[in-house]
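Okay, input_18.txt now, which holds compact mmCIF, C-alpha atoms and all ligand atoms:
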# COMPACT_ATOMS: atom_id res chain seq x y z
CA MET M 22 10.02 34.41 55.67
CA SER M 23 11.78 36.63 58.18
CA SER M 24 14.28 37.89 55.62
CA SER M 25 11.45 38.80 53.29
CA PHE M 26 9.74 40.57 56.18
CA ILE M 27 12.82 42.71 56.85
CA LEU M 28 13.28 43.34 53.16
CA THR M 29 9.72 44.52 52.63
CA ASP M 30 10.00 46.59 55.80
CA ILE M 31 13.02 48.40 54.40
CA ILE M 32 11.42 48.81 50.98
CA SER M 33 8.18 50.19 52.39
CA HIS M 34 10.15 52.51 54.68
CA ARG M 35 12.17 53.80 51.71
CA LEU M 36 9.06 54.15 49.61
CA ALA M 37 7.29 55.98 52.39
CA GLY M 38 10.29 58.34 52.48
CA ALA M 39 10.29 58.77 48.74
CA ILE M 40 6.66 59.76 48.62
CA GLY M 41 7.16 62.14 51.52
CA LEU M 42 5.47 60.31 54.36
CA ARG M 43 8.50 59.73 56.50
CA GLY M 44 8.97 62.21 59.32
CA GLU M 45 5.62 63.72 58.51
CA LYS M 46 2.98 63.84 61.15
CA MET M 47 1.30 60.44 60.94
CA THR M 48 -2.28 61.22 60.03
CA LYS M 49 -4.86 58.44 59.86
CA LYS M 50 -4.76 58.63 56.07
CA ASN M 51 -0.97 58.35 55.99
CA ILE M 52 -0.95 55.35 58.28
CA LEU M 53 -3.56 53.62 56.18
CA PHE M 54 -1.64 54.38 53.01
CA SER M 55 1.62 53.07 54.48
CA LEU M 56 -0.12 49.94 55.69
CA LEU M 57 -1.57 49.39 52.24
CA ILE M 58 1.85 49.62 50.56
CA PHE M 59 3.44 47.54 53.29
CA GLY M 60 0.80 44.86 52.93
CA LEU M 61 1.15 44.84 49.17
CA LEU M 62 4.92 44.46 49.33
CA LEU M 63 4.71 41.88 52.08
CA GLY M 64 2.28 39.89 49.96
CA LEU M 65 4.56 40.08 46.92
CA GLY M 66 7.58 39.17 49.01
CA LEU M 67 5.88 36.26 50.71
CA SER M 68 4.40 34.74 47.60
CA SER M 69 7.76 34.77 45.84
CA VAL M 70 9.39 33.18 48.87
CA LEU M 71 6.66 30.56 49.29
CA ALA M 72 6.76 29.47 45.66
CA GLU M 73 9.56 26.93 45.75
CA ASN M 74 11.96 26.07 42.98
CA SER M 75 11.87 22.83 41.06
CA LEU M 76 14.61 20.40 42.03
CA PHE M 77 14.88 19.14 38.50
CA THR M 78 17.68 20.27 36.19
CA ARG M 79 18.72 18.94 32.80
CA THR M 80 22.21 18.48 34.23
CA ILE M 81 20.80 15.98 36.74
CA ALA M 82 18.66 14.23 34.12
CA ASN M 83 21.51 13.99 31.63
CA SER M 84 24.08 12.93 34.22
CA PRO M 85 25.84 9.60 33.56
CA PHE M 86 24.34 8.19 36.79
CA VAL M 87 20.74 8.83 35.71
CA GLN M 88 21.43 7.75 32.14
CA ASP M 89 22.87 4.47 33.49
CA LEU M 90 19.69 3.95 35.51
CA PHE M 91 17.61 4.50 32.37
CA ALA M 92 19.84 2.09 30.44
CA TYR M 93 19.27 -0.52 33.15
CA VAL M 94 15.50 -0.22 32.59
CA GLU M 95 15.92 -0.54 28.82
CA GLN M 96 18.22 -3.56 29.09
CA ASN M 97 15.69 -5.34 31.28
CA GLU M 98 12.56 -4.63 29.24
CA GLU M 99 11.72 -8.27 28.50
CA ALA M 100 12.29 -9.34 32.12
CA ILE M 101 10.11 -6.45 33.30
CA ILE M 102 7.27 -7.42 30.94
CA ALA M 103 7.52 -11.06 32.02
CA GLU M 104 7.29 -10.15 35.70
CA TRP M 105 4.44 -7.72 35.02
CA ARG M 106 2.46 -10.50 33.34
CA GLY M 107 3.24 -12.94 36.14
CA LEU M 108 2.20 -10.56 38.89
CA THR M 109 -1.03 -9.64 37.10
CA GLU M 110 -1.91 -13.34 36.94
CA ILE M 111 -1.80 -13.57 40.76
CA PRO M 112 -5.42 -12.60 41.50
CA ALA M 113 -5.81 -10.05 44.30
CA PRO M 114 -9.33 -8.68 44.67
CA SER M 115 -9.64 -6.34 47.68
CA GLY M 116 -9.42 -8.43 50.83
CA TYR M 117 -7.56 -11.28 49.12
CA GLU M 118 -4.09 -9.84 48.56
CA GLU M 119 -2.03 -12.39 50.57
CA LYS M 120 -0.45 -14.18 47.62
CA ARG M 121 0.65 -10.96 45.99
CA ALA M 122 1.86 -9.69 49.34
CA GLN M 123 4.07 -12.76 49.77
CA TYR M 124 5.49 -12.22 46.30
CA MET M 125 6.20 -8.53 46.93
CA LYS M 126 7.82 -9.29 50.28
CA VAL M 127 10.23 -11.76 48.70
CA GLN M 128 11.10 -9.24 45.97
CA PHE M 129 11.68 -6.37 48.44
CA ASP M 130 13.90 -8.74 50.36
CA SER M 131 16.00 -9.85 47.41
CA ALA M 132 16.26 -6.24 46.17
CA GLY M 133 18.13 -5.55 49.41
CA LEU M 134 15.86 -3.13 51.27
CA ASP M 135 16.79 -2.62 54.93
CA LYS M 136 13.62 -3.59 56.77
CA ILE M 137 10.79 -5.58 55.27
CA TYR M 138 7.55 -6.61 56.95
CA ILE M 139 3.86 -7.21 56.43
CA ASP M 140 1.75 -5.14 58.80
CA GLU M 141 -1.50 -6.13 60.50
CA ALA M 142 -3.61 -4.81 57.64
CA GLY M 143 -1.64 -6.92 55.14
CA ASN M 144 0.44 -4.12 53.55
CA VAL M 145 3.99 -5.01 52.54
CA ILE M 146 6.49 -2.41 53.72
CA GLY M 147 10.11 -2.18 52.58
CA ILE M 148 12.21 0.53 54.18
CA TRP M 149 15.36 1.93 52.59
CA GLU M 150 17.19 3.81 55.32
CA GLY M 151 18.69 7.19 54.50
CA ARG M 152 20.99 9.39 56.51
CA ASP M 153 20.48 11.99 59.23
CA GLY M 154 18.76 15.09 57.95
CA GLY M 155 17.08 13.29 55.07
CA LYS M 156 13.37 13.41 54.38
CA LYS M 157 10.92 10.60 55.06
CA ILE M 158 9.11 9.67 51.89
CA VAL M 159 6.36 7.12 51.27
CA LEU M 160 5.98 5.59 47.80
CA SER M 161 2.96 3.33 47.47
CA ALA M 162 1.30 1.15 44.87
CA HIS M 163 -1.79 -0.91 45.61
CA MET M 164 -1.97 -4.68 45.28
CA ASP M 165 -5.74 -5.06 45.24
CA THR M 166 -8.02 -5.03 42.21
CA VAL M 167 -11.78 -4.48 41.83
CA PHE M 168 -12.28 -7.93 40.33
CA GLN M 169 -14.05 -9.83 43.09
CA GLY M 170 -14.51 -13.51 42.27
CA VAL M 171 -12.15 -13.48 39.29
CA TRP M 172 -9.57 -16.16 40.10
CA ASP M 173 -8.30 -17.10 36.67
CA ILE M 174 -6.40 -14.33 34.92
CA GLN M 175 -4.41 -14.69 31.73
CA VAL M 176 -2.53 -11.81 30.22
CA ILE M 177 -2.73 -11.45 26.45
CA ARG M 178 -0.09 -9.49 24.55
CA GLU M 179 -0.94 -7.73 21.30
CA GLY M 180 2.05 -5.75 20.09
CA ASN M 181 2.63 -2.87 22.49
CA VAL M 182 -0.48 -3.68 24.53
CA LEU M 183 -1.09 -6.07 27.42
CA LYS M 184 -4.67 -7.08 28.17
CA ALA M 185 -6.00 -8.50 31.45
CA PRO M 186 -8.08 -7.34 34.39
CA GLY M 187 -5.76 -5.42 36.72
CA ILE M 188 -2.91 -5.17 34.20
CA GLY M 189 -2.75 -1.42 34.68
CA ASP M 190 -4.60 -0.65 37.91
CA ASP M 191 -2.42 -1.02 39.80
CA THR M 192 -0.15 -3.97 38.98
CA ALA M 193 1.81 -1.77 36.58
CA SER M 194 2.72 0.52 39.51
CA LEU M 195 3.89 -2.42 41.64
CA ILE M 196 6.25 -3.33 38.80
CA ASN M 197 7.39 0.29 38.49
CA LEU M 198 8.07 0.40 42.21
CA LEU M 199 10.02 -2.86 42.23
CA TRP M 200 12.17 -2.09 39.22
CA SER M 201 12.89 1.47 40.37
CA VAL M 202 14.28 0.01 43.59
CA ARG M 203 16.26 -2.61 41.68
CA ALA M 204 17.71 -0.03 39.27
CA LEU M 205 18.80 2.24 42.12
CA LYS M 206 20.24 -0.64 44.15
CA GLU M 207 22.10 -1.98 41.13
CA ALA M 208 23.68 1.45 40.56
CA GLY M 209 24.92 1.62 44.15
CA PHE M 210 22.63 4.51 45.08
CA LYS M 211 22.97 5.55 48.75
CA PRO M 212 19.94 7.68 49.62
CA LYS M 213 19.96 10.61 51.98
CA ASN M 214 16.19 10.38 52.35
CA THR M 215 14.52 7.39 53.98
CA TYR M 216 12.05 5.65 51.68
CA TYR M 217 9.05 3.61 52.74
CA PHE M 218 8.10 1.48 49.75
CA LEU M 219 4.57 0.17 50.17
CA ALA M 220 2.51 -2.46 48.41
CA THR M 221 -0.88 -1.79 49.96
CA VAL M 222 -4.14 -3.67 50.43
CA GLU M 223 -7.70 -2.39 50.01
CA GLU M 224 -7.10 0.79 48.06
CA GLU M 225 -10.19 0.17 45.96
CA THR M 226 -12.41 0.02 49.03
CA GLY M 227 -11.43 3.56 50.09
CA PHE M 228 -7.67 3.63 50.86
CA ASP M 229 -8.16 1.40 53.91
CA GLY M 230 -4.73 -0.24 53.66
CA MET M 231 -2.90 3.07 53.37
CA ARG M 232 -4.86 4.53 56.31
CA ALA M 233 -4.03 1.50 58.42
CA PHE M 234 -0.33 1.94 57.60
CA MET M 235 -0.36 5.66 58.42
CA ASN M 236 -2.13 4.97 61.72
CA SER M 237 0.26 2.18 62.66
CA VAL M 238 3.56 4.03 62.18
CA GLN M 239 4.46 7.04 64.26
CA GLU M 240 6.50 8.91 61.66
CA ASP M 241 6.39 12.47 60.40
CA PHE M 242 6.46 11.87 56.70
CA ASP M 243 7.52 14.68 54.40
CA TYR M 244 5.90 13.37 51.22
CA VAL M 245 3.49 10.67 50.18
CA ILE M 246 3.81 9.63 46.55
CA ALA M 247 1.09 7.30 45.32
CA LEU M 248 1.81 5.36 42.15
CA ASP M 249 -1.59 5.12 40.51
CA GLY M 250 -3.53 6.49 37.55
CA ASP M 251 -2.58 7.22 33.95
CA LEU M 252 0.86 8.48 33.06
CA GLY M 253 0.88 12.28 32.89
CA LYS M 254 -1.98 12.79 35.36
CA VAL M 255 -0.80 14.32 38.61
CA HIS M 256 -3.05 15.33 41.50
CA TYR M 257 -1.84 17.38 44.44
CA GLY M 258 -5.18 17.72 46.28
CA ALA M 259 -7.82 15.34 47.57
CA LEU M 260 -11.16 15.22 45.81
CA GLY M 261 -14.05 14.97 48.27
CA PHE M 262 -17.08 12.70 47.87
CA GLY M 263 -20.42 13.68 49.38
CA GLY M 264 -23.24 11.93 47.60
CA GLY M 265 -25.88 9.59 48.83
CA LYS M 266 -29.41 8.35 48.28
CA VAL M 267 -32.62 10.39 48.49
CA THR M 268 -35.87 8.56 49.19
CA PHE M 269 -39.48 9.81 49.11
CA ARG M 270 -42.22 7.73 50.79
CA GLY M 271 -46.01 7.85 50.67
CA PRO M 272 -49.15 5.75 51.24
CA GLY M 273 -49.42 4.36 47.69
CA ALA M 274 -52.71 3.42 46.04
CA HIS M 275 -54.21 1.45 43.17
CA THR M 276 -54.38 3.53 39.98
CA MET M 277 -58.20 3.60 40.27
CA GLN M 278 -57.97 5.17 43.73
CA SER M 279 -54.92 7.32 43.00
CA ARG M 280 -56.53 10.70 42.35
CA GLY M 281 -54.97 13.17 44.81
CA VAL M 282 -52.58 10.58 46.29
CA PRO M 283 -49.03 11.99 46.40
CA ASN M 284 -46.68 10.09 44.10
CA PRO M 285 -43.04 9.54 45.13
CA ASN M 286 -42.08 9.08 41.46
CA LEU M 287 -43.28 12.59 40.73
CA ALA M 288 -41.44 13.89 43.79
CA ILE M 289 -38.10 12.47 42.71
CA ALA M 290 -38.63 13.86 39.21
CA LYS M 291 -39.18 17.33 40.67
CA ALA M 292 -36.24 17.06 43.04
CA ILE M 293 -33.83 15.81 40.37
CA GLU M 294 -34.76 18.57 37.97
CA ARG M 295 -34.14 21.22 40.63
CA ILE M 296 -30.86 19.62 41.73
CA TYR M 297 -29.63 19.84 38.14
CA LEU M 298 -30.36 23.58 38.13
CA LEU M 299 -27.85 24.14 40.96
CA ASP M 300 -24.90 26.25 39.96
CA LEU M 301 -21.78 24.19 40.60
CA PRO M 302 -18.41 25.97 40.51
CA ILE M 303 -16.02 25.23 37.67
CA SER M 304 -13.28 27.62 38.75
CA PRO M 305 -11.00 28.05 40.54
CA ILE M 306 -10.05 24.44 39.99
CA GLU M 307 -9.67 23.93 43.78
CA LYS M 308 -13.46 24.47 44.09
CA TRP M 309 -14.46 22.47 41.01
CA THR M 310 -17.64 20.53 41.79
CA ILE M 311 -19.80 18.03 39.92
CA LEU M 312 -22.78 15.79 40.56
CA ASN M 313 -24.52 12.97 38.79
CA VAL M 314 -27.84 11.22 39.41
CA GLY M 315 -26.86 7.75 38.28
CA MET M 316 -29.75 5.59 39.47
CA ILE M 317 -33.50 5.99 39.89
CA MET M 318 -35.57 3.38 41.71
CA GLY M 319 -39.32 3.45 42.42
CA GLY M 320 -42.53 1.52 42.39
CA LYS M 321 -43.25 -2.19 42.10
CA VAL M 322 -46.08 -2.47 39.61
CA ARG M 323 -47.48 -0.32 36.81
CA ASN M 324 -51.03 -0.15 38.19
CA ALA M 325 -50.25 1.36 41.59
CA VAL M 326 -48.77 4.55 42.97
CA SER M 327 -45.25 3.91 44.24
CA GLN M 328 -44.90 3.79 48.03
CA GLU M 329 -41.21 4.46 47.87
CA SER M 330 -38.97 6.02 45.21
CA SER M 331 -35.36 7.00 45.40
CA PHE M 332 -32.34 8.20 43.45
CA THR M 333 -28.62 8.28 43.99
CA ILE M 334 -26.37 11.32 43.84
CA ASP M 335 -22.66 11.09 43.16
CA LEU M 336 -21.33 14.45 44.34
CA ARG M 337 -17.65 15.41 44.13
CA SER M 338 -15.66 18.55 44.80
CA GLY M 339 -12.13 19.73 45.41
CA ASP M 340 -13.43 21.91 48.23
CA GLN M 341 -15.05 20.57 51.39
CA GLN M 342 -17.03 23.76 52.05
CA GLU M 343 -18.47 23.62 48.55
CA LEU M 344 -19.38 19.98 49.01
CA GLU M 345 -21.29 20.79 52.19
CA ASN M 346 -22.98 23.80 50.56
CA VAL M 347 -24.32 21.62 47.75
CA GLN M 348 -25.48 18.99 50.24
CA LYS M 349 -27.35 21.70 52.12
CA LYS M 350 -29.02 22.89 48.91
CA ILE M 351 -29.99 19.32 48.01
CA ARG M 352 -31.60 18.94 51.43
CA LYS M 353 -33.48 22.23 50.98
CA ILE M 354 -34.79 21.10 47.58
CA CYS M 355 -35.99 17.79 49.01
CA GLU M 356 -37.62 19.52 51.94
CA ASP M 357 -39.46 21.91 49.58
CA VAL M 358 -40.65 19.02 47.42
CA SER M 359 -41.75 17.18 50.54
CA ASN M 360 -43.76 20.22 51.69
CA GLU M 361 -45.34 20.60 48.26
CA THR M 362 -46.30 16.93 47.93
CA GLY M 363 -46.87 15.87 51.52
CA LEU M 364 -44.45 12.97 51.16
CA GLU M 365 -41.82 11.96 53.70
CA TRP M 366 -38.21 12.00 52.64
CA ASP M 367 -34.71 11.21 53.83
CA PHE M 368 -31.17 11.59 52.58
CA GLN M 369 -28.86 8.70 53.31
CA ARG M 370 -25.32 9.96 52.87
CA ASP M 371 -22.60 7.70 51.50
CA ASP M 372 -19.49 7.11 53.52
CA GLN M 373 -17.96 10.52 53.26
CA SER M 374 -14.50 11.11 51.97
CA LYS M 375 -13.59 14.70 52.63
CA ALA M 376 -11.95 17.12 50.23
CA TYR M 377 -8.58 18.47 51.33
CA GLN M 378 -6.16 20.95 49.82
CA ILE M 379 -2.65 21.74 50.98
CA PRO M 380 -2.03 25.48 50.67
CA ARG M 381 0.39 26.31 47.84
CA ALA M 382 0.88 22.63 46.96
CA LYS M 383 0.88 23.53 43.28
CA ASP M 384 3.91 25.82 43.79
CA SER M 385 5.80 23.34 45.96
CA ALA M 386 9.19 21.96 44.96
CA LEU M 387 7.65 18.48 44.79
CA VAL M 388 4.91 19.33 42.28
CA ARG M 389 7.16 21.60 40.20
CA THR M 390 9.80 18.89 40.02
CA VAL M 391 7.23 16.33 38.90
CA VAL M 392 5.99 18.65 36.15
CA ASP M 393 9.54 19.32 34.91
CA ILE M 394 10.29 15.59 34.85
CA LEU M 395 7.16 14.81 32.82
CA GLU M 396 8.06 17.54 30.34
CA TYR M 397 11.66 16.32 30.12
CA LEU M 398 10.44 12.78 29.40
CA ASP M 399 8.09 14.10 26.71
CA VAL M 400 5.06 12.57 28.37
CA LYS M 401 1.93 13.40 26.37
CA ASP M 402 -1.28 14.85 27.87
CA ILE M 403 0.18 16.17 31.11
CA GLU M 404 -2.60 17.21 33.51
CA ILE M 405 -1.92 18.70 36.92
CA ASP M 406 -4.90 19.33 39.16
CA PRO M 407 -6.01 19.24 42.82
CA LEU M 408 -8.76 16.66 42.27
CA GLY M 409 -7.07 13.42 43.20
CA SER M 410 -8.59 10.16 44.34
CA THR M 411 -5.59 7.98 45.09
CA GLU M 412 -3.66 6.93 48.19
CA ALA M 413 -2.04 10.37 48.08
CA ASN M 414 -5.36 11.56 49.59
CA VAL M 415 -4.45 9.82 52.84
CA GLY M 416 -1.29 11.93 53.06
CA ILE M 417 -3.09 15.12 52.07
CA GLU M 418 -5.80 14.66 54.70
CA ARG M 419 -2.99 14.49 57.28
CA GLY M 420 -1.48 17.72 55.98
CA ILE M 421 1.41 15.98 54.20
CA LEU M 422 2.37 17.27 50.77
CA SER M 423 1.39 14.36 48.51
CA VAL M 424 0.98 13.59 44.84
CA ASN M 425 0.25 10.63 42.62
CA LEU M 426 2.33 9.57 39.65
CA GLY M 427 0.88 7.61 36.75
CA ARG M 428 1.85 4.04 35.80
CA THR M 429 1.49 3.92 31.96
CA TYR M 430 -1.19 4.68 29.38
CA GLY M 431 -4.23 2.45 29.51
CA ARG M 432 -7.86 1.88 28.68
CA TYR M 433 -10.98 0.23 30.19
CA LYS M 434 -9.80 0.48 33.80
CA HIS M 435 -11.98 -1.48 36.28
CA SER M 436 -13.34 -3.63 33.45
CA LEU M 437 -12.44 -7.21 32.49
CA ARG M 438 -11.03 -6.00 29.16
CA GLU M 439 -8.53 -3.65 30.80
CA GLU M 440 -5.52 -2.71 28.65
CA ALA M 441 -2.14 -1.15 29.34
CA ASP M 442 0.59 0.06 27.00
CA ILE M 443 4.00 -1.51 27.38
CA ASP M 444 6.20 1.41 26.33
CA GLY M 445 4.42 3.83 28.69
CA LEU M 446 5.47 1.62 31.61
CA PHE M 447 9.18 2.25 31.01
CA LEU M 448 8.53 5.96 30.75
CA ALA M 449 6.64 5.88 34.06
CA MET M 450 9.49 3.94 35.64
CA LYS M 451 12.01 6.58 34.50
CA GLN M 452 9.76 9.30 35.96
CA ILE M 453 9.91 7.60 39.39
CA ILE M 454 13.65 6.99 39.27
CA LEU M 455 14.32 10.58 38.21
CA LEU M 456 12.02 11.95 40.91
CA ILE M 457 13.76 9.98 43.65
CA TYR M 458 17.11 11.20 42.36
CA CYS M 459 15.93 14.84 42.20
CA LEU M 460 14.49 14.67 45.73
CA GLU M 461 17.96 13.84 47.07
ZN ZN M 501 -5.83 2.23 41.39
Could I get this file's structure written as structure tokens?
Amino acid sequence: MSSSFILTDIISHRLAGAIGLRGEKMTKKNILFSLLIFGLLLGLGLSSVLAENSLFTRTIANSPFVQDLFAYVEQNEEAIIAEWRGLTEIPAPSGYEEKRAQYMKVQFDSAGLDKIYIDEAGNVIGIWEGRDGGKKIVLSAHMDTVFQGVWDIQVIREGNVLKAPGIGDDTASLINLLWSVRALKEAGFKPKNTYYFLATVEEETGFDGMRAFMNSVQEDFDYVIALDGDLGKVHYGALGFGGGKVTFRGPGAHTMQSRGVPNPNLAIAKAIERIYLLDLPISPIEKWTILNVGMIMGGKVRNAVSQESSFTIDLRSGDQQELENVQKKIRKICEDVSNETGLEWDFQRDDQSKAYQIPRAKDSALVRTVVDILEYLDVKDIEIDPLGSTEANVGIERGILSVNLGRTYGRYKHSLREEADIDGLFLAMKQIILLIYCLE
């Protein structure tokens, strides 16, 4: 930054000379003009300095070392699929990840990582020590699934597709993580960076496992890389959640006595209609905001005025300020409806998860490298946006540059008929291996 400062200083000085300002009596207008040019050049200089270069090159990707790593993945395809199926069949609903954790710990151990332990929260941590001056990088995949009470899981294979609850989300990433480590170890890779490989608990309940890990270790991490989501989707910002439940309450009455009695059902209808008229930003993408009224509840019988009616709001935004603005407007709408109808109201907010953005994350070496890798691997449907909802959010909220990387292509996530493509898994694995190699 300082070199760019000096450079722009010289340029603006020269320019000022060229346009005849130098040596002239500095009038107010001249000073303002110089400042304007200086500011402009400083801005240009800074933005070009702050936009980092990608660390990816085709020379790296096509190097014999990387090609050998890729060959290792290809040679082991059947073993990888077998282990993927086996791990998926170890049930691990949030809060019940112990069996998977034991399995991951044994695998980290036999892969030859330097320090392996299970922390108090139940996360499995495998550290691969680097050298002095290297970065500290977290790579995480979550062990838990949303399938509470599902204890019998059998994976079905149909051609290129595996079917089972949890097959993709996020068991596929655990397999990617394991086999990336194995491939690198097998090739004799000696990292400069120190890697913290994590198999986490309770991601699906709001990144609780990842937060517990980050709180328990006193390390300044450089990057957090969450392995989660579809292949090709990369998020470098944290999507915020700010919804809740609105309730209107009144005295109620039998239909026959209901003339003039305020009706909470009518109040929620009014409020919902007005909420849907709110103008929610679409661009810039960092401020993208959306809401959905997913549930309406009210009344107990058809022949009486409801005493209590409510609706839920799922509100999401890439920008925390925007999220709070919309919440404020929702409150104002409800208050107006309350004043018009004479009904009481309240807004019960969900557990908030704040939106966070890291300045210039999109132009960082990390994100640019990821994009180049995806393009090199010919991944289809690449989408890069700041609206993430993965364990990378935990890094981002701590100011750490963080992204997620997808696991494979899949369908019906969070449903019992979940599906994942086999060939996409190997592509995702190569993306991780190549990223680790580029980050060195
Ligand atoms: Zn997930």
Surrounding residues of segment 302-316 of chain M excluding itself and chain neighbours under 6 positions, 10 Å, all atoms listed in the file, as a PyMOL selection string:
chain M and resi 258-266+293+296+331-344+347+376-378+406-408
Within 10 Å of ligand ZN 501 (chain M), which residues of chain M show up? Give each one with its shortest atom-to-atom distance in Å (one decimal) and the two atoms involved, counting all atoms listed in the file, rows by chain then rising residue number, as a Markdown table.
| residue | atom | partner | partner_atom | distance |
| --- | --- | --- | --- | --- |
| M:Ala162 | CA | M:ZN501 | ZN | 8.0 |
| M:His163 | CA | M:ZN501 | ZN | 6.6 |
| M:Met164 | CA | M:ZN501 | ZN | 8.8 |
| M:Asp165 | CA | M:ZN501 | ZN | 8.2 |
| M:Thr166 | CA | M:ZN501 | ZN | 7.6 |
| M:Val167 | CA | M:ZN501 | ZN | 9.0 |
| M:Gly187 | CA | M:ZN501 | ZN | 9.0 |
| M:Gly189 | CA | M:ZN501 | ZN | 8.2 |
| M:Asp190 | CA | M:ZN501 | ZN | 4.7 |
| M:Asp191 | CA | M:ZN501 | ZN | 5.0 |
| M:Thr192 | CA | M:ZN501 | ZN | 8.7 |
| M:Ala193 | CA | M:ZN501 | ZN | 9.9 |
| M:Ser194 | CA | M:ZN501 | ZN | 8.9 |
| M:Glu223 | CA | M:ZN501 | ZN | 10.0 |
| M:Glu224 | CA | M:ZN501 | ZN | 6.9 |
| M:Glu225 | CA | M:ZN501 | ZN | 6.6 |
| M:Phe228 | CA | M:ZN501 | ZN | 9.7 |
| M:Ala247 | CA | M:ZN501 | ZN | 9.4 |
| M:Leu248 | CA | M:ZN501 | ZN | 8.3 |
| M:Asp249 | CA | M:ZN501 | ZN | 5.2 |
| M:Gly250 | CA | M:ZN501 | ZN | 6.2 |
| M:Asp251 | CA | M:ZN501 | ZN | 9.5 |
| M:Ser410 | CA | M:ZN501 | ZN | 8.9 |
| M:Thr411 | CA | M:ZN501 | ZN | 6.8 |
| M:Glu412 | CA | M:ZN501 | ZN | 8.5 |
| M:Gly427 | CA | M:ZN501 | ZN | 9.8 |
| M:Arg428 | CA | M:ZN501 | ZN | 9.7 |
| M:Lys434 | CA | M:ZN501 | ZN | 8.7 |
| M:His435 | CA | M:ZN501 | ZN | 8.8 |
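If all atoms listed in the file are the atoms counted, then among M:Ser436, M:Ser423, M:Ser161, M:Asn144 the closest residue to Ile379 of chain M is M:Ser423.
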Provide an axis-aligned box for all listed atoms of segment 237-247 of chain M, padding each side by 5 Å; report its centre and its edge lengths in Å to one decimal, as lines of an AutoDock Vina configuration file.
center_x = 3.9
center_y = 8.4
center_z = 54.8
size_x = 17.3
size_y = 22.5
size_z = 28.9
Select, from M:Ala220, M:Ile102, M:Gly320, M:Gly281, the residue with the minimum atom-to-atom distance to Asn181 of chain M, counting only C-alpha atoms.
M:Ile102
Got a sec: who's within 10 Å of Asp140 of chain M, counting all atoms listed in the file, leaving out chain neighbours fewer than 2 positions off, as a ChimeraX atom specification?
/M:137-138,142-146,221,230,233-234,237-238
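Distances here use all atoms listed in the file; by that measure, the residue among M:Val391, M:Ala103, M:Ala132, M:Ala288 closest to Ser359 of chain M is M:Ala288.
Taking only C-alpha atoms into account, Leu134 of chain M lies nearest to M:Gly151 out of the set M:Gly416, M:Gly151, M:Pro283, M:Gly227.
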Name the residues in contact with Leu398 of chain M at a cut-off of 9 Å, using all atoms listed in the file, excluding same-chain residues fewer than 4 positions from it; report them as a ChimeraX atom specification.
/M:393-394,448,451-452
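Environment of (10.5, -10.3, 45.4): residues at most 12 Å away, judged by only C-alpha atoms, are Glu104, Leu108, Lys120, Arg121, Ala122, Gln123, Tyr124, Met125, Lys126, Val127, Gln128, Phe129, Asp130, Ser131, Ala132, Gly133, Leu134, Ile137, Val145, Gly147, Leu195, Ile196, Leu198, Leu199, Trp200, Val202, Arg203 and Ala220 of chain M.
Among the candidate residues M:Glu99, M:Glu404, M:Glu440, M:Glu294, the one lying nearest to Val255 of chain M is M:Glu404, with distances computed using all atoms listed in the file.
Using all atoms listed in the file, the nearest neighbour of Glu98 of chain M within the list M:Asp300, M:Glu329, M:Asp444, M:Asp241 is M:Asp444.
Atom CA of Glu240 of chain M lies 14.5 Å from atom CA of Asp153 of chain M.
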May I ask for the distance between atom CA of Asn425 of chain M and atom CA of Lys213 of chain M, given in Å to one decimal place?
21.8 Å
Gap from atom CA of Arg352 of chain M to atom CA of Asp367 of chain M - Å, one decimal
8.7 Å
Selection: 9 Å around Ala185 of chain M, all atoms listed in the file, excl. self and same-chain fewer than 2 positions, as a ChimeraX atom specification:
/M:106,109-110,174-177,183,187-189,437-441
Counting only C-alpha atoms, select every polymer residue within 12 Å of (7.2, 13.5, 58.6) as defined in the file's coordinates, and provide the selection as a PDB file with C-alpha atoms, in the frame of the given file.
ATOM      1  CA  GLY M 154      18.760  15.090  57.950  1.00  0.00           C
ATOM      2  CA  GLY M 155      17.080  13.290  55.070  1.00  0.00           C
ATOM      3  CA  LYS M 156      13.370  13.410  54.380  1.00  0.00           C
ATOM      4  CA  LYS M 157      10.920  10.600  55.060  1.00  0.00           C
ATOM      5  CA  ILE M 158       9.110   9.670  51.890  1.00  0.00           C
ATOM      6  CA  VAL M 159       6.360   7.120  51.270  1.00  0.00           C
ATOM      7  CA  ASN M 214      16.190  10.380  52.350  1.00  0.00           C
ATOM      8  CA  THR M 215      14.520   7.390  53.980  1.00  0.00           C
ATOM      9  CA  TYR M 216      12.050   5.650  51.680  1.00  0.00           C
ATOM     10  CA  TYR M 217       9.050   3.610  52.740  1.00  0.00           C
ATOM     11  CA  MET M 235      -0.360   5.660  58.420  1.00  0.00           C
ATOM     12  CA  VAL M 238       3.560   4.030  62.180  1.00  0.00           C
ATOM     13  CA  GLN M 239       4.460   7.040  64.260  1.00  0.00           C
ATOM     14  CA  GLU M 240       6.500   8.910  61.660  1.00  0.00           C
ATOM     15  CA  ASP M 241       6.390  12.470  60.400  1.00  0.00           C
ATOM     16  CA  PHE M 242       6.460  11.870  56.700  1.00  0.00           C
ATOM     17  CA  ASP M 243       7.520  14.680  54.400  1.00  0.00           C
ATOM     18  CA  TYR M 244       5.900  13.370  51.220  1.00  0.00           C
ATOM     19  CA  VAL M 245       3.490  10.670  50.180  1.00  0.00           C
ATOM     20  CA  GLY M 416      -1.290  11.930  53.060  1.00  0.00           C
ATOM     21  CA  ARG M 419      -2.990  14.490  57.280  1.00  0.00           C
ATOM     22  CA  GLY M 420      -1.480  17.720  55.980  1.00  0.00           C
ATOM     23  CA  ILE M 421       1.410  15.980  54.200  1.00  0.00           C
ATOM     24  CA  LEU M 422       2.370  17.270  50.770  1.00  0.00           C
ATOM     25  CA  SER M 423       1.390  14.360  48.510  1.00  0.00           C
TER      26      SER M 423
END
